[in-house]
Every structure is written in structure tokens, then in C-alpha cells.
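Next up, final_31.tsv (TSV, C-alpha atoms and all ligand atoms):
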chain	number	residue	atom	x	y	z
V	8	LEU	CA	0.00	0.00	0.00
V	9	ARG	CA	1.94	2.98	-1.18
V	10	ASN	CA	1.33	6.61	-1.56
V	11	ALA	CA	4.23	8.28	-3.29
V	12	VAL	CA	3.49	11.80	-2.35
V	13	VAL	CA	3.76	15.01	-3.39
V	14	LYS	CA	0.40	16.68	-2.85
V	15	SER	CA	1.92	19.67	-4.52
V	16	ASP	CA	-1.22	21.53	-5.52
V	17	LYS	CA	-2.83	21.15	-2.11
V	18	ILE	CA	0.38	22.12	-0.41
V	19	GLU	CA	0.74	25.09	-2.70
V	20	ALA	CA	-2.75	26.17	-1.77
V	21	ILE	CA	-1.49	27.09	1.64
V	22	SER	CA	1.78	28.61	0.73
V	23	HIS	CA	2.10	31.30	3.32
V	24	LEU	CA	2.45	29.66	6.66
V	25	ALA	CA	1.93	32.84	8.61
V	26	ALA	CA	-1.34	33.58	6.87
V	27	SER	CA	-2.72	30.15	7.60
V	28	VAL	CA	-1.60	30.25	11.21
V	29	SER	CA	-3.53	33.44	11.84
V	30	HIS	CA	-6.52	31.99	10.04
V	31	GLU	CA	-6.47	28.80	12.11
V	32	VAL	CA	-5.94	30.45	15.43
V	33	ARG	CA	-8.57	33.09	14.88
V	34	ASN	CA	-11.48	30.65	15.35
V	35	PRO	CA	-10.64	29.48	18.86
V	36	LEU	CA	-9.72	33.03	19.85
V	37	THR	CA	-13.05	34.34	18.60
V	38	VAL	CA	-14.92	31.65	20.51
V	39	THR	CA	-12.92	32.37	23.66
V	40	ARG	CA	-13.59	36.05	23.37
V	41	GLY	CA	-17.32	35.37	23.05
V	42	PHE	CA	-17.40	33.33	26.24
V	43	LEU	CA	-15.36	35.87	28.18
V	44	GLN	CA	-17.74	38.56	27.04
V	45	MET	CA	-20.69	36.56	28.37
V	46	LEU	CA	-18.89	36.05	31.67
V	47	LYS	CA	-19.06	39.79	32.26
V	48	ASP	CA	-22.73	39.37	33.06
V	49	PRO	CA	-22.91	39.13	36.88
V	50	THR	CA	-26.32	37.43	36.85
V	51	ILE	CA	-25.38	34.24	35.03
V	52	PRO	CA	-25.87	31.09	37.10
V	53	GLU	CA	-22.85	29.29	38.52
V	54	GLU	CA	-23.10	26.20	36.30
V	55	LYS	CA	-23.20	28.34	33.18
V	56	ARG	CA	-20.22	30.27	34.46
V	57	GLN	CA	-18.31	27.03	34.85
V	58	PHE	CA	-19.28	25.91	31.38
V	59	TYR	CA	-18.18	29.19	29.80
V	60	LEU	CA	-14.87	29.10	31.65
V	61	ASP	CA	-14.19	25.47	30.70
V	62	THR	CA	-15.02	26.13	27.08
V	63	ALA	CA	-12.79	29.21	26.99
V	64	ILE	CA	-9.88	27.20	28.42
V	65	ASP	CA	-10.49	24.34	25.97
V	66	GLU	CA	-10.48	26.74	23.06
V	67	LEU	CA	-7.23	28.35	24.17
V	68	ASP	CA	-5.68	24.88	24.50
V	69	ARG	CA	-6.83	24.17	20.98
V	70	ALA	CA	-5.20	27.34	19.71
V	71	GLU	CA	-2.00	26.15	21.33
V	72	VAL	CA	-2.19	22.73	19.64
V	73	ILE	CA	-2.66	24.40	16.28
V	74	LEU	CA	0.34	26.64	16.85
V	75	LYS	CA	2.42	23.64	17.87
V	76	ASP	CA	1.59	21.76	14.68
V	77	TYR	CA	2.67	24.75	12.67
V	78	LEU	CA	5.61	26.25	14.43
V	79	SER	CA	6.77	24.43	17.54
V	80	PHE	CA	10.16	25.93	17.11
V	81	SER	CA	9.54	29.40	15.94
V	82	LYS	CA	12.12	31.47	17.66
V	83	PRO	CA	12.70	35.18	17.39
V	84	GLN	CA	15.94	34.70	15.52
V	85	HIS	CA	15.94	34.10	11.82
V	86	HIS	CA	16.62	30.67	10.53
V	87	HIS	CA	17.91	29.95	7.14
V	88	VAL	CA	18.97	27.08	5.00
V	89	SER	CA	22.21	25.52	6.06
V	90	ILE	CA	23.92	22.16	6.03
V	91	LEU	CA	22.21	19.94	8.57
V	92	ASN	CA	23.66	16.97	10.34
V	93	VAL	CA	20.81	14.48	10.04
V	94	LYS	CA	21.69	12.55	13.17
V	95	THR	CA	21.90	15.69	15.31
V	96	GLU	CA	18.55	17.03	14.11
V	97	ILE	CA	16.78	13.70	14.60
V	98	GLU	CA	18.20	13.38	18.09
V	99	LYS	CA	17.01	16.87	19.03
V	100	SER	CA	13.52	16.08	17.77
V	101	LEU	CA	13.38	12.77	19.63
V	102	GLU	CA	14.56	14.44	22.80
V	103	LEU	CA	11.77	16.96	22.63
V	104	LEU	CA	9.25	14.16	22.20
V	105	SER	CA	10.66	11.80	24.79
V	106	PRO	CA	8.27	12.86	27.61
V	107	TYR	CA	5.36	12.31	25.25
V	108	ALA	CA	6.69	8.90	24.19
V	109	ASN	CA	7.19	7.88	27.83
V	110	HIS	CA	3.71	9.02	28.71
V	111	ASN	CA	2.33	6.74	25.97
V	112	SER	CA	4.60	3.79	26.89
V	113	VAL	CA	6.26	4.04	23.52
V	114	LYS	CA	9.75	2.63	23.24
V	115	VAL	CA	11.96	4.57	20.87
V	116	THR	CA	14.73	2.77	19.00
V	117	LYS	CA	17.14	4.63	16.78
V	118	SER	CA	19.82	3.66	14.35
V	119	LEU	CA	21.38	6.82	12.97
V	120	ALA	CA	24.44	6.81	10.76
V	121	GLU	CA	27.09	9.46	11.35
V	122	ASN	CA	28.07	12.14	8.84
V	123	LEU	CA	24.87	12.39	6.85
V	124	TYR	CA	24.27	15.91	5.60
V	125	ILE	CA	21.30	17.55	3.90
V	126	ASN	CA	20.26	21.11	3.12
V	127	GLY	CA	17.52	22.71	5.16
V	128	ASP	CA	16.33	25.12	7.77
V	129	PRO	CA	16.97	23.36	11.09
V	130	ALA	CA	13.80	24.66	12.76
V	131	LYS	CA	11.60	23.58	9.86
V	132	PHE	CA	13.27	20.20	9.50
V	133	GLN	CA	12.66	19.53	13.19
V	134	GLN	CA	9.06	20.67	12.82
V	135	CYS	CA	8.64	18.19	9.97
V	136	LEU	CA	10.17	15.32	11.94
V	137	ILE	CA	8.19	16.15	15.07
V	138	ASN	CA	4.87	16.22	13.25
V	139	ILE	CA	5.54	12.76	11.78
V	140	LEU	CA	7.03	11.29	14.96
V	141	LYS	CA	4.18	12.68	17.06
V	142	ASN	CA	1.61	10.96	14.86
V	143	GLY	CA	3.52	7.72	15.30
V	144	ILE	CA	3.33	8.05	19.08
V	145	GLU	CA	-0.34	8.99	18.92
V	146	ALA	CA	-1.01	5.89	16.81
V	147	MET	CA	0.10	3.78	19.81
V	148	PRO	CA	-2.10	4.91	22.71
V	149	ASN	CA	-1.39	1.65	24.55
V	150	GLY	CA	2.30	1.58	23.86
V	151	GLY	CA	4.43	0.13	21.12
V	152	SER	CA	7.66	0.87	19.41
V	153	LEU	CA	8.83	3.74	17.31
V	154	THR	CA	11.88	3.05	15.19
V	155	VAL	CA	13.91	5.75	13.51
V	156	GLN	CA	16.68	4.96	11.07
V	157	ALA	CA	18.91	7.22	9.03
V	158	LYS	CA	21.32	6.03	6.37
V	159	GLN	CA	22.60	6.78	2.91
V	160	SER	CA	20.88	4.86	0.16
V	161	ALA	CA	23.14	2.17	-1.25
V	162	THR	CA	21.93	2.75	-4.79
V	163	SER	CA	21.45	6.49	-5.05
V	164	GLN	CA	22.70	9.81	-3.79
V	165	ASN	CA	19.89	10.01	-1.27
V	166	ILE	CA	19.68	10.18	2.48
V	167	LEU	CA	16.92	7.95	3.79
V	168	ILE	CA	15.13	8.50	7.07
V	169	GLU	CA	12.73	5.76	8.08
V	170	ILE	CA	10.14	6.34	10.78
V	171	GLU	CA	8.15	3.27	11.69
V	172	ASP	CA	5.50	2.64	14.34
V	173	THR	CA	3.60	-0.41	15.51
V	174	GLY	CA	0.37	1.51	15.86
V	175	ILE	CA	-3.19	1.47	14.58
V	176	GLY	CA	-2.21	1.98	10.95
V	177	MET	CA	-4.34	3.41	8.17
V	178	THR	CA	-6.75	2.14	5.54
V	179	THR	CA	-6.01	2.75	1.85
V	180	SER	CA	-8.33	5.72	1.76
V	181	GLN	CA	-6.89	7.22	4.92
V	182	LEU	CA	-3.40	6.85	3.53
V	183	ALA	CA	-4.49	8.60	0.35
V	184	LYS	CA	-5.80	11.55	2.35
V	185	LEU	CA	-2.59	12.01	4.30
V	186	GLY	CA	-1.37	15.57	3.94
V	187	GLU	CA	-4.73	17.01	2.99
V	188	PRO	CA	-5.48	20.04	5.11
V	189	TYR	CA	-7.92	19.18	7.92
V	190	PHE	CA	-7.85	15.42	7.35
V	191	SER	CA	-7.85	13.96	10.85
V	192	THR	CA	-9.28	10.87	12.51
V	193	LYS	CA	-8.68	12.28	15.99
V	194	GLN	CA	-11.90	14.28	16.41
V	195	GLU	CA	-11.42	17.32	18.61
V	196	LYS	CA	-7.88	16.24	19.50
V	197	GLY	CA	-6.66	16.54	15.93
V	198	THR	CA	-5.98	19.52	13.71
V	199	GLY	CA	-5.38	17.73	10.43
V	200	LEU	CA	-2.54	20.18	9.79
V	201	GLY	CA	0.53	18.29	10.99
V	202	MET	CA	1.12	16.20	7.88
V	203	MET	CA	0.31	19.05	5.54
V	204	VAL	CA	2.98	21.15	7.23
V	205	ALA	CA	5.43	18.22	7.20
V	206	TYR	CA	4.92	17.63	3.47
V	207	LYS	CA	5.25	21.31	2.72
V	208	ILE	CA	8.59	21.42	4.51
V	209	LEU	CA	9.77	18.25	2.73
V	210	LYS	CA	8.92	19.79	-0.59
V	211	GLU	CA	10.88	22.94	0.26
V	212	MET	CA	13.85	20.71	1.06
V	213	ASN	CA	13.56	18.83	-2.26
V	214	GLY	CA	12.61	15.76	-0.27
V	215	TYR	CA	10.15	12.97	-0.95
V	216	VAL	CA	8.15	10.76	1.28
V	217	ASP	CA	6.96	7.26	0.73
V	218	SER	CA	4.36	5.97	3.16
V	219	SER	CA	3.00	2.51	3.73
V	220	SER	CA	0.58	1.31	6.33
V	221	LYS	CA	-1.40	-1.68	7.52
V	222	VAL	CA	-4.39	-1.43	9.81
V	223	ASN	CA	-3.51	-2.63	13.32
V	224	LYS	CA	0.06	-3.37	12.25
V	225	GLY	CA	1.65	0.02	11.85
V	226	THR	CA	2.91	2.67	9.54
V	227	ARG	CA	6.23	3.47	7.92
V	228	PHE	CA	7.38	6.73	6.44
V	229	THR	CA	10.52	6.85	4.33
V	230	LEU	CA	11.83	10.35	3.83
V	231	LYS	CA	14.35	10.90	1.03
V	232	PHE	CA	16.64	13.86	0.66
V	233	PRO	CA	19.43	14.65	-1.76
V	234	VAL	CA	22.86	14.10	-0.24
V	235	VAL	CA	24.96	17.15	0.49
V	236	ASN	CA	28.69	16.75	0.50
V	237	HIS	CA	29.77	18.54	3.57
V	238	PRO	CA	33.07	20.36	3.08
V	239	TYR	CA	34.40	19.04	6.38
V	240	LYS	CA	32.93	15.59	6.07
V	241	SER	CA	36.22	14.07	5.11
V	242	GLY	CA	37.41	14.58	8.66
V	243	ILE	CA	39.90	17.34	8.01
V	244	LEU	CA	38.25	19.28	10.79
V	245	PRO	CA	36.84	17.83	13.99
V	246	ASN	CA	33.14	17.15	14.33
V	247	THR	CA	32.60	19.96	16.81
V	248	THR	CA	33.37	22.47	14.07
V	249	VAL	CA	30.73	20.90	11.87
V	250	LYS	CA	28.13	21.27	14.62
V	251	GLY	CA	29.00	24.91	15.07
V	252	ILE	CA	28.07	25.64	11.48
V	253	ASN	CA	24.55	24.39	12.05
V	254	SER	CA	23.73	26.28	15.20
V	301	LIG	P1	-3.71	15.17	13.36
V	301	LIG	O1	-2.57	14.42	13.95
V	301	LIG	O2	-3.96	16.47	14.03
V	301	LIG	O3	-4.95	14.34	13.23
V	301	LIG	P2	-2.09	15.11	10.97
V	301	LIG	O4	-2.10	15.93	9.73
V	301	LIG	O5	-0.86	15.12	11.78
V	301	LIG	O6	-3.32	15.58	11.85
V	301	LIG	O7	-2.45	13.62	10.60
V	301	LIG	C1	-3.63	13.40	9.85
V	301	LIG	C2	-4.18	12.02	10.06
V	301	LIG	O8	-3.32	11.05	9.44
V	301	LIG	C3	-4.30	11.56	11.50
V	301	LIG	O9	-5.49	12.01	12.12
V	301	LIG	C4	-4.30	10.04	11.33
V	301	LIG	O10	-5.56	9.57	10.97
V	301	LIG	C5	-3.40	9.82	10.14
V	301	LIG	N1	-2.02	9.44	10.53
V	301	LIG	C6	-0.91	10.16	10.41
V	301	LIG	N2	0.17	9.50	10.84
V	301	LIG	C7	-0.27	8.29	11.26
V	301	LIG	C8	0.36	7.13	11.84
V	301	LIG	N3	1.68	7.08	12.06
V	301	LIG	N4	-0.43	6.06	12.13
V	301	LIG	C9	-1.75	6.11	11.89
V	301	LIG	N5	-2.41	7.16	11.37
V	301	LIG	C10	-1.69	8.24	11.06
V	302	MG	MG	-0.59	15.12	13.95
I need this file expressed as C-alpha cells, please.
Amino acid sequence: LRNAVVKSDKIEAISHLAASVSHEVRNPLTVTRGFLQMLKDPTIPEEKRQFYLDTAIDELDRAEVILKDYLSFSKPQHHHVSILNVKTEIEKSLELLSPYANHNSVKVTKSLAENLYINGDPAKFQQCLINILKNGIEAMPNGGSLTVQAKQSATSQNILIEIEDTGIGMTTSQLAKLGEPYFSTKQEKGTGLGMMVAYKILKEMNGYVDSSSKVNKGTRFTLKFPVVNHPYKSGILPNTTVKGINS
């Protein structure tokens, strides 16, 4: 069951991330504002008060989830495309998700080759990885294993990153909808934006993704990126210098 992506037209449809963030976050903010406005009325009964307050808090939480799917790592400083050490970036992403994995009893196994370099914006690449990894964890509410591998393809000049879970999997039609804005099977817990953002970032990085899935068995994503020959890769300079370039 394969779905060689690129949902280019759909991804193109939401080309300006900032514009879509403000659009997405406006709804919960508007709802919250409405409930706060109603709370100004001193005569409303206590149970209604509680309901308005709970709804306002829920809506603010939702706004936060949406922001996280878009820009978990937006920082005030400017990021730009640089040479990324694949292993370092994957490890940072996994570290950020490790409390979430623990909470879901998900065991993370990694096998990451050294000295793999690709071009990208580090913040965006991490956002892409996190959105995919997070879905893997969420697909295993009762625990399971998440495996992450990074290696250079034996047959081509590609870096391959495999992310595999032993979760609930997807049907053929669900797999086909992956990356469509607002496609989510998680009801109010989902945004349906995580994969769209991940695919958009992959496309910017000249990457591809291959996804395969089996219901109740699990899902595997294979990300492919063109290899970059790092100038210091040959070991002329120590590794610490290479890291400094990325940060
Ligand atoms: P969200 O996670 O908010 O629902 P995403 O865009 O991140 O939105 O994912 C869209 C949908 O794709 C999910 O709701 C889920 O149905 C499906 N999906 C994505 N990754 C996986 C996975 N690893 N296992 C099972 N289903 C997945
Ligand atoms: Mg998601």
C-alpha cells in the first residue's frame, strides 16, 4: 500500500504559513472572546459560568495545539537554510518528544548513521520530523515501538530516514488523504494540519516521502533527501566544528 506523495497543488494552496496560522488560530480566539464577554454578566448562574470558563480554556488549548503543529520551534531569531547533520537534528527532535513517548509507553529505537548531511532550515526540518514522529506516538495509545533509522541509500545519492511505528495503521483511503489540510481521525484532538505542514517542509527541502501502512500493524514513512557533501565531512576538521556551522 503505497502513496508516493507530493500533494503539490494542495500544499501550494497554503503557501504562506503565517497567513494560515492566523486563520487557524482566529477561530478558537473568537470563541474564547465570546465566552469571556458573556462572563461579564454578573447574573449568570454558577453552572453556566463554569461551562463558559471550561469552554474558553479548551479553546485556548486548541489554539496552542494548532500553533504547535505549525511552528513548535519558531524562535525570534531568523533561521535559514544551512547544512544539517541528520543525526543531530533527529536526536534533538526525539529528545523533545521523549516525555510524550514515555507518557504513551512508547519505546523509541534509533539507528542513525554518522556524517549524513542535507540542506535545510533546522527549525523547519525539526518541525517536519516532530509532526511525523508525534503521529507515530499517537497511533500507539497503549504503547508500542517507534523506530527511527537514518542512512545513505546504497543505490542512489539520497539520504533515507525511516520512521516506523507499531500503531493502529491506516486504511487505503486514509493513507491517500494524508497531507490534505484538515484530514484527521482524531476528532477534537486533531488539527489535520501536521502532515500538511510536514509535506510542505519536505517539498521545500527537495525531499520525498513514501508511506506505507497496515491497519492494526503500523505505519512506515521513508523520507528521502538529496545528499549534500559537507566540506568538512572528510574529517579534516573535527566534528565539533561541523556542529558549530549548524547552530
Ligand atoms: P492530526 O494528527 O492532528 O490528526 P495530521 O495531519 O498530523 O493531523 O495527521 C492526519 C491524520 O493522518 C491523522 O489524524 C491520522 O488519521 C493519520 N495518521 C498520520 N500518521 C499516522 C500514523 N503514524 N499512524 C496512523 N495514522 C496516522
Ligand atoms: Mg498530527
Check: Quick one: of V:Thr116, V:Leu67, V:His87, V:Leu140, who's nearest to V:Ser100, counting all atoms listed in the file?
Finding: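 Using all atoms listed in the file, V:Ser100 sits closest to V:Leu140.
Here atom CA of V:Val216 is placed at a distance of 23.7 Å from atom CA of V:Ser105.
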Notebook entry, point to check: At what distance in Å, to one decimal, does atom CA of V:Met212 lie from atom N1 of ligand LIG 301 (chain V)?
Noted result: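 Computing it gives 21.6 Å between the two atoms.
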Notebook entry, point to check: Residues at most 9 Å from ligand LIG 301 (chain V), using only C-alpha atoms and all ligand atoms? Could they come as a PyMOL selection string?
Noted result: chain V and resi 72-73+76+138-147+170-178+181-182+184-205+220-222+225-228
Next item on the list: Would you work out the distance separating atom CA of V:Pro106 from atom CA of V:Ser219, expressed in Å to one decimal?
Entry: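 Atom-to-atom, atom CA of V:Pro106 and atom CA of V:Ser219 are spaced 26.6 Å apart.
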Note to self: Please determine, counting all atoms listed in the file, which residue among V:Ala157, V:Leu46, V:Ile125, V:Leu74 has the shortest atom-to-atom distance to V:Ile90.
What the structure shows: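 Selected residue with least distance to V:Ile90: V:Ile125.
The residue set within 12 Å of V:Asp61, counting all atoms listed in the file and dropping same-chain residues fewer than 4 places from it, reads Val38, Thr39, Phe42, Leu43, Leu46, Glu54, Lys55, Arg56, Gln57, Asp65, Glu66, Leu67 and Asp68 of chain V.
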Would you save the residues from that selection as a PDB file, keeping the file's coordinate frame, using C-alpha atoms?
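Once everything was written out, this is part.pdb:
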ATOM      1  CA  VAL V  38     -14.920  31.650  20.510  1.00  0.00           C
ATOM      2  CA  THR V  39     -12.920  32.370  23.660  1.00  0.00           C
ATOM      3  CA  PHE V  42     -17.400  33.330  26.240  1.00  0.00           C
ATOM      4  CA  LEU V  43     -15.360  35.870  28.180  1.00  0.00           C
ATOM      5  CA  LEU V  46     -18.890  36.050  31.670  1.00  0.00           C
ATOM      6  CA  GLU V  54     -23.100  26.200  36.300  1.00  0.00           C
ATOM      7  CA  LYS V  55     -23.200  28.340  33.180  1.00  0.00           C
ATOM      8  CA  ARG V  56     -20.220  30.270  34.460  1.00  0.00           C
ATOM      9  CA  GLN V  57     -18.310  27.030  34.850  1.00  0.00           C
ATOM     10  CA  ASP V  65     -10.490  24.340  25.970  1.00  0.00           C
ATOM     11  CA  GLU V  66     -10.480  26.740  23.060  1.00  0.00           C
ATOM     12  CA  LEU V  67      -7.230  28.350  24.170  1.00  0.00           C
ATOM     13  CA  ASP V  68      -5.680  24.880  24.500  1.00  0.00           C
TER      14      ASP V  68
END
Can I get a file of stretch 137-180 of chain V from the given structure, N, CA and C atoms kept, as a CSV table (one decimal), in the first residue's frame?
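This went into selection28.csv:
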chain,number,residue,atom,x,y,z
V,137,ILE,N,9.0,16.2,13.9
V,137,ILE,CA,8.2,16.1,15.1
V,137,ILE,C,6.8,15.8,14.7
V,138,ASN,N,6.3,16.5,13.6
V,138,ASN,CA,4.9,16.2,13.2
V,138,ASN,C,4.7,14.8,12.8
V,139,ILE,N,5.7,14.2,12.2
V,139,ILE,CA,5.5,12.8,11.8
V,139,ILE,C,5.7,11.8,13.0
V,140,LEU,N,6.8,12.1,13.8
V,140,LEU,CA,7.0,11.3,15.0
V,140,LEU,C,5.9,11.3,16.0
V,141,LYS,N,5.3,12.5,16.1
V,141,LYS,CA,4.2,12.7,17.1
V,141,LYS,C,3.0,11.8,16.6
V,142,ASN,N,2.7,11.8,15.3
V,142,ASN,CA,1.6,11.0,14.9
V,142,ASN,C,1.9,9.5,15.2
V,143,GLY,N,3.2,9.1,15.0
V,143,GLY,CA,3.5,7.7,15.3
V,143,GLY,C,3.2,7.4,16.8
V,144,ILE,N,3.6,8.3,17.6
V,144,ILE,CA,3.3,8.1,19.1
V,144,ILE,C,1.8,8.0,19.3
V,145,GLU,N,1.1,8.9,18.7
V,145,GLU,CA,-0.3,9.0,18.9
V,145,GLU,C,-1.1,7.8,18.3
V,146,ALA,N,-0.4,7.1,17.4
V,146,ALA,CA,-1.0,5.9,16.8
V,146,ALA,C,-0.9,4.7,17.7
V,147,MET,N,-0.1,4.9,18.9
V,147,MET,CA,0.1,3.8,19.8
V,147,MET,C,-0.3,4.2,21.2
V,148,PRO,N,-1.6,4.4,21.4
V,148,PRO,CA,-2.1,4.9,22.7
V,148,PRO,C,-1.8,3.9,23.8
V,149,ASN,N,-1.7,2.6,23.5
V,149,ASN,CA,-1.4,1.6,24.5
V,149,ASN,C,0.0,1.1,24.5
V,150,GLY,N,0.9,1.9,23.9
V,150,GLY,CA,2.3,1.6,23.9
V,150,GLY,C,2.7,0.9,22.6
V,151,GLY,N,4.0,0.7,22.4
V,151,GLY,CA,4.4,0.1,21.1
V,151,GLY,C,5.8,0.6,20.9
V,152,SER,N,6.3,0.4,19.6
V,152,SER,CA,7.7,0.9,19.4
V,152,SER,C,7.7,1.8,18.2
V,153,LEU,N,8.6,2.8,18.4
V,153,LEU,CA,8.8,3.7,17.3
V,153,LEU,C,10.3,3.6,16.9
V,154,THR,N,10.5,3.3,15.7
V,154,THR,CA,11.9,3.0,15.2
V,154,THR,C,12.3,4.1,14.2
V,155,VAL,N,13.4,4.7,14.4
V,155,VAL,CA,13.9,5.8,13.5
V,155,VAL,C,15.3,5.4,13.0
V,156,GLN,N,15.4,5.3,11.7
V,156,GLN,CA,16.7,5.0,11.1
V,156,GLN,C,17.1,6.0,10.1
V,157,ALA,N,18.4,6.3,10.0
V,157,ALA,CA,18.9,7.2,9.0
V,157,ALA,C,20.1,6.6,8.4
V,158,LYS,N,20.2,6.6,7.1
V,158,LYS,CA,21.3,6.0,6.4
V,158,LYS,C,21.4,6.6,5.0
V,159,GLN,N,22.5,6.4,4.3
V,159,GLN,CA,22.6,6.8,2.9
V,159,GLN,C,22.2,5.6,2.1
V,160,SER,N,21.4,5.9,1.1
V,160,SER,CA,20.9,4.9,0.2
V,160,SER,C,22.1,4.2,-0.5
V,161,ALA,N,22.0,2.9,-0.6
V,161,ALA,CA,23.1,2.2,-1.3
V,161,ALA,C,23.2,2.4,-2.8
V,162,THR,N,22.0,2.7,-3.3
V,162,THR,CA,21.9,2.8,-4.8
V,162,THR,C,21.9,4.2,-5.4
V,163,SER,N,21.6,5.2,-4.5
V,163,SER,CA,21.4,6.5,-5.1
V,163,SER,C,22.1,7.5,-4.1
V,164,GLN,N,22.1,8.7,-4.6
V,164,GLN,CA,22.7,9.8,-3.8
V,164,GLN,C,21.6,10.4,-2.9
V,165,ASN,N,20.9,9.6,-2.2
V,165,ASN,CA,19.9,10.0,-1.3
V,165,ASN,C,20.2,9.6,0.2
V,166,ILE,N,19.7,10.5,1.1
V,166,ILE,CA,19.7,10.2,2.5
V,166,ILE,C,18.3,9.6,2.8
V,167,LEU,N,18.2,8.5,3.4
V,167,LEU,CA,16.9,8.0,3.8
V,167,LEU,C,16.7,8.0,5.3
V,168,ILE,N,15.5,8.5,5.7
V,168,ILE,CA,15.1,8.5,7.1
V,168,ILE,C,13.8,7.7,7.2
V,169,GLU,N,13.9,6.6,7.9
V,169,GLU,CA,12.7,5.8,8.1
V,169,GLU,C,12.1,5.9,9.5
V,170,ILE,N,10.8,6.2,9.5
V,170,ILE,CA,10.1,6.3,10.8
V,170,ILE,C,9.0,5.3,10.8
V,171,GLU,N,9.1,4.4,11.7
V,171,GLU,CA,8.1,3.3,11.7
V,171,GLU,C,7.5,3.1,13.1
V,172,ASP,N,6.2,2.9,13.1
V,172,ASP,CA,5.5,2.6,14.3
V,172,ASP,C,4.7,1.3,14.3
V,173,THR,N,4.4,0.8,15.4
V,173,THR,CA,3.6,-0.4,15.5
V,173,THR,C,2.2,-0.1,16.0
V,174,GLY,N,1.6,1.0,15.4
V,174,GLY,CA,0.4,1.5,15.9
V,174,GLY,C,-0.8,1.0,15.1
V,175,ILE,N,-1.9,1.9,15.1
V,175,ILE,CA,-3.2,1.5,14.6
V,175,ILE,C,-3.2,1.4,13.1
V,176,GLY,N,-2.3,2.0,12.4
V,176,GLY,CA,-2.2,2.0,10.9
V,176,GLY,C,-3.3,2.8,10.3
V,177,MET,N,-3.3,2.7,9.0
V,177,MET,CA,-4.3,3.4,8.2
V,177,MET,C,-4.9,2.5,7.1
V,178,THR,N,-6.1,2.8,6.7
V,178,THR,CA,-6.7,2.1,5.5
V,178,THR,C,-6.2,2.8,4.3
V,179,THR,N,-6.5,2.2,3.1
V,179,THR,CA,-6.0,2.7,1.9
V,179,THR,C,-6.5,4.2,1.7
V,180,SER,N,-7.8,4.4,2.0
V,180,SER,CA,-8.3,5.7,1.8
V,180,SER,C,-7.8,6.7,2.7
